[in-house]
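Working notes for the structure below.
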Amino acid sequence: MLEQWYFDLSGLILSPVLGSITPLFIPNSRIRPIRLIGLCASLITFLYPPVLRIQFDPSTAKSQFVESLRWLPYENINLDLGIDGISLFCVILTTFLIPICILVGWSGMRSYGKEYITASLIREFLMIVVFCILDPVLFYVFPESVPIPMFIIIGVWGSRQRKIKAAYQFFLYTLLGSVFMLLAILLILLQTGTTDLQISLTTEFSERRQIFLWIASFASFAVKVPMVPVHIWLPEAHVEAPTAGSVILAGIPLKLGTYGFLRFSIPMFPEATLCSTPFIYTPSAIAIIYTSSTTLRQIDLKKIIAYSSVAHMNLVTIGMFSPNIQGIGGSILPMSSHGLVSSALFLCVGVLYDRHKTRLVRYYGGSVSTMPNLPTIFFSSTLANMSSPGTSSFIGEFLILVGAFQRNSLVATLAALGMILGAAYSLWLYNRAVSGNLKPDFLHKFSDPNGREVSIFIPFLVGVVWMGVHPKVFPDCMHTSVSNLVQHGKFH
C-alpha cells in the first residue's frame, strides 16, 4: 500500500512537470498539439486527487501518503511530502483550476502559446508542492517560486500598458515580505538542528522567541492574504493580468498566506498566536469594512472583484485566529469557495472584455436582453459572492461568525456588517453590468458565451451548488486535522 501511495503522490507532482517539458520539443507553428498536450497533462493531474481522496483516512490527523527524499543531508533538510485534511482540498482546487486556465487561453493566447502552457503547468507543479511540503525551509522556497510564473504571465500576456509595473509590484511585495520568514526559519534551524516540521511542532520555544518568530512569519503571510495595508498589489495585478491569470491568482496564490498561518504560525507558535489575536482582529475587521466600502466606488469591473477578494480573505483570517473548531474549520471552507466564486466572476468579466474590449462599468448595461445566458451565470456567481444560503460561501462564513462571536462579539458584528456591504456591492455590480438600458453608442458586438465558454462555467456552478447544498464531505475530511490543530495549539 505504501508503494501505491508513493506512486500516487509522485504522479500528482510529476505529471505537470512532464507536461511542461514536452511542448519544448514541438515547433511553435504546431500550436494545437501543444495546447492538447498541456490540457491532457492538466486533466491527468486532476484525476489524481480523487484517488487520494478515496484512499484518504479522515480519522487521523497525521500526514498521509508521506515520502521523504534526502535533499541537504548535512543540514538535516529533506524533501518531505504528505497531505492531511487541511491541505487535501487545496490540492484539489489547484488541479481543478489549471485545466480551466488552459481552456480560457485556448484561443486568446496565440502569441507565445508554448510558453503560456509551460508557465501554467510549472505554476501548477509549484503550488501542488507547496500544499504537500512538510519542511519549513522548502515551505519558504516553493511559495517564493510561485510568483515567478505569475510575474511572466502578467508581464507578457497582460492587457494594458501598466502590466509591467503591476508585475513588478506583485513580485516585490511578496518577495520583500518573505525575507523575514527566511530569518525565522534560520533561527528555528539553529535551535532544533533540523527543519523537520514534526520536530519543530514539538519544540518548546520561549515566549519571547515565539513572538519574534510569529511576527517574522506574519510579515510574509500577511502580504500573500493580502491584509490591509499591504493589499495594494492585488487590485493592480488583477486589472493588468489576462483573464486566466486573474482566475488562478484569485483561486490559489491568495490561499498561500492563510495556508501558511494554518500550517506554520498557529501550530508552531500557539502562545504568540493567542497574544496576537487582537492584532489580527483589528486590521482584519477594518479591512472588511474598508475594502467593502471601497468596492462601491470602483469603476473597473476587475477592481470591484479584486477588492471583494480582499474583504473575503480578511474574513477568513478572523475565523482562522478564533481559537475554536468552528472558526478554524469554517475558515477553510471559504478558502475553497472563494477559489470557485471569484474565479467564476473573473471569467464573466473576461467574456465581456473579449467582446467589448473595456472593463469600465459605465459602458455596460442591458446585456440581459442581448446575452441572456451570461446574466444567468453572472447572477448565480453574484449570489455565491454575497454568501446566499444554498451556495458554497454561506456555510463557511456562518461558521466563521459563530467562532468569532465566541471570542469577540464586536469583531463578529463588524464582520457581519461587512457581509451586508458585500451583498450591496455584489448586487450593485450585477445591476450596473447586466440590467438597465442598452448603450449601443459604446457597445456594438453582442454574443452569448460559446460552447467552450459554457463548458468552462458549468464546473464552477456545479461546485458552488454542491458545496452549498451538501457541505458535509468537507468537514468530515478535515475535522480531525482541525481538532488536532486546536488541541496542539492549546486553544481548548
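By order in the C-alpha cells, chains are A, B, ...; within a chain, residues start at 1; ligands start at 1, following the order shown.
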
Each segment 187-212 of chain A residue no farther than 12 Å from segment 275-294 of chain A, nearest pair in Å, only C-alpha atoms, as a Markdown table:
```
| residue | atom | partner | partner_atom | distance |
| --- | --- | --- | --- | --- |
| A:Glu207 | CA | A:Cys275 | CA | 10.0 |
| A:Arg208 | CA | A:Cys275 | CA | 11.3 |
| A:Gln210 | CA | A:Cys275 | CA | 10.3 |
| A:Ile211 | CA | A:Cys275 | CA | 8.5 |
| A:Phe212 | CA | A:Ser276 | CA | 11.4 |
```

### Message
Could you list, as a ChimeraX atom specification, every residue within 8 Å of Asp448 of chain A, counting only C-alpha atoms and ignoring same-chain residues fewer than 6 positions away?
### Response
/A:370-374

Selection to disk with N, CA, C and O atoms, as a PDB file, in the first residue's frame:
```pdb
ATOM      1  N   THR A 370     -29.690  41.050 -24.588  1.00  0.00           N
ATOM      2  CA  THR A 370     -28.906  40.665 -25.769  1.00  0.00           C
ATOM      3  C   THR A 370     -28.057  39.415 -25.549  1.00  0.00           C
ATOM      4  O   THR A 370     -27.692  38.748 -26.504  1.00  0.00           O
ATOM      5  N   MET A 371     -27.721  39.110 -24.289  1.00  0.00           N
ATOM      6  CA  MET A 371     -26.903  37.930 -23.951  1.00  0.00           C
ATOM      7  C   MET A 371     -27.579  37.216 -22.778  1.00  0.00           C
ATOM      8  O   MET A 371     -27.101  37.284 -21.646  1.00  0.00           O
ATOM      9  N   PRO A 372     -28.684  36.524 -22.979  1.00  0.00           N
ATOM     10  CA  PRO A 372     -29.476  36.004 -21.856  1.00  0.00           C
ATOM     11  C   PRO A 372     -28.771  34.950 -21.007  1.00  0.00           C
ATOM     12  O   PRO A 372     -29.060  34.834 -19.815  1.00  0.00           O
ATOM     13  N   ASN A 373     -27.863  34.191 -21.578  1.00  0.00           N
ATOM     14  CA  ASN A 373     -27.225  33.119 -20.801  1.00  0.00           C
ATOM     15  C   ASN A 373     -26.169  33.654 -19.836  1.00  0.00           C
ATOM     16  O   ASN A 373     -26.072  33.200 -18.694  1.00  0.00           O
ATOM     17  N   LEU A 374     -25.380  34.638 -20.287  1.00  0.00           N
ATOM     18  CA  LEU A 374     -24.336  35.178 -19.417  1.00  0.00           C
ATOM     19  C   LEU A 374     -24.909  35.825 -18.154  1.00  0.00           C
ATOM     20  O   LEU A 374     -24.378  35.597 -17.060  1.00  0.00           O
TER      21      LEU A 374
END
```

### Message
Here is a test: counting only C-alpha atoms, which residue of A:Val310, A:Ala219, A:Ala244, A:Met478 is nearest to Ser343 of chain A?
### Response
A:Ala244

### Query
Could you write out, as an MDAnalysis selection string, all the residues of segment 131-344 of chain A that DSSP marks as alpha helix (DSSP H)?
chainID A and resid 131:132 136:141 147:157 163:192 197:202 207:224 233:240 243:251 253:260 266:268 270:275 277:295 301:320 325:344

#### Entry: Pairwise distance for atom CA of Tyr259 of chain A and atom CA of Ile199 of chain A, rounded to one decimal in Å
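So the two atoms, atom CA of Tyr259 of chain A and atom CA of Ile199 of chain A, lie 19.4 Å apart.
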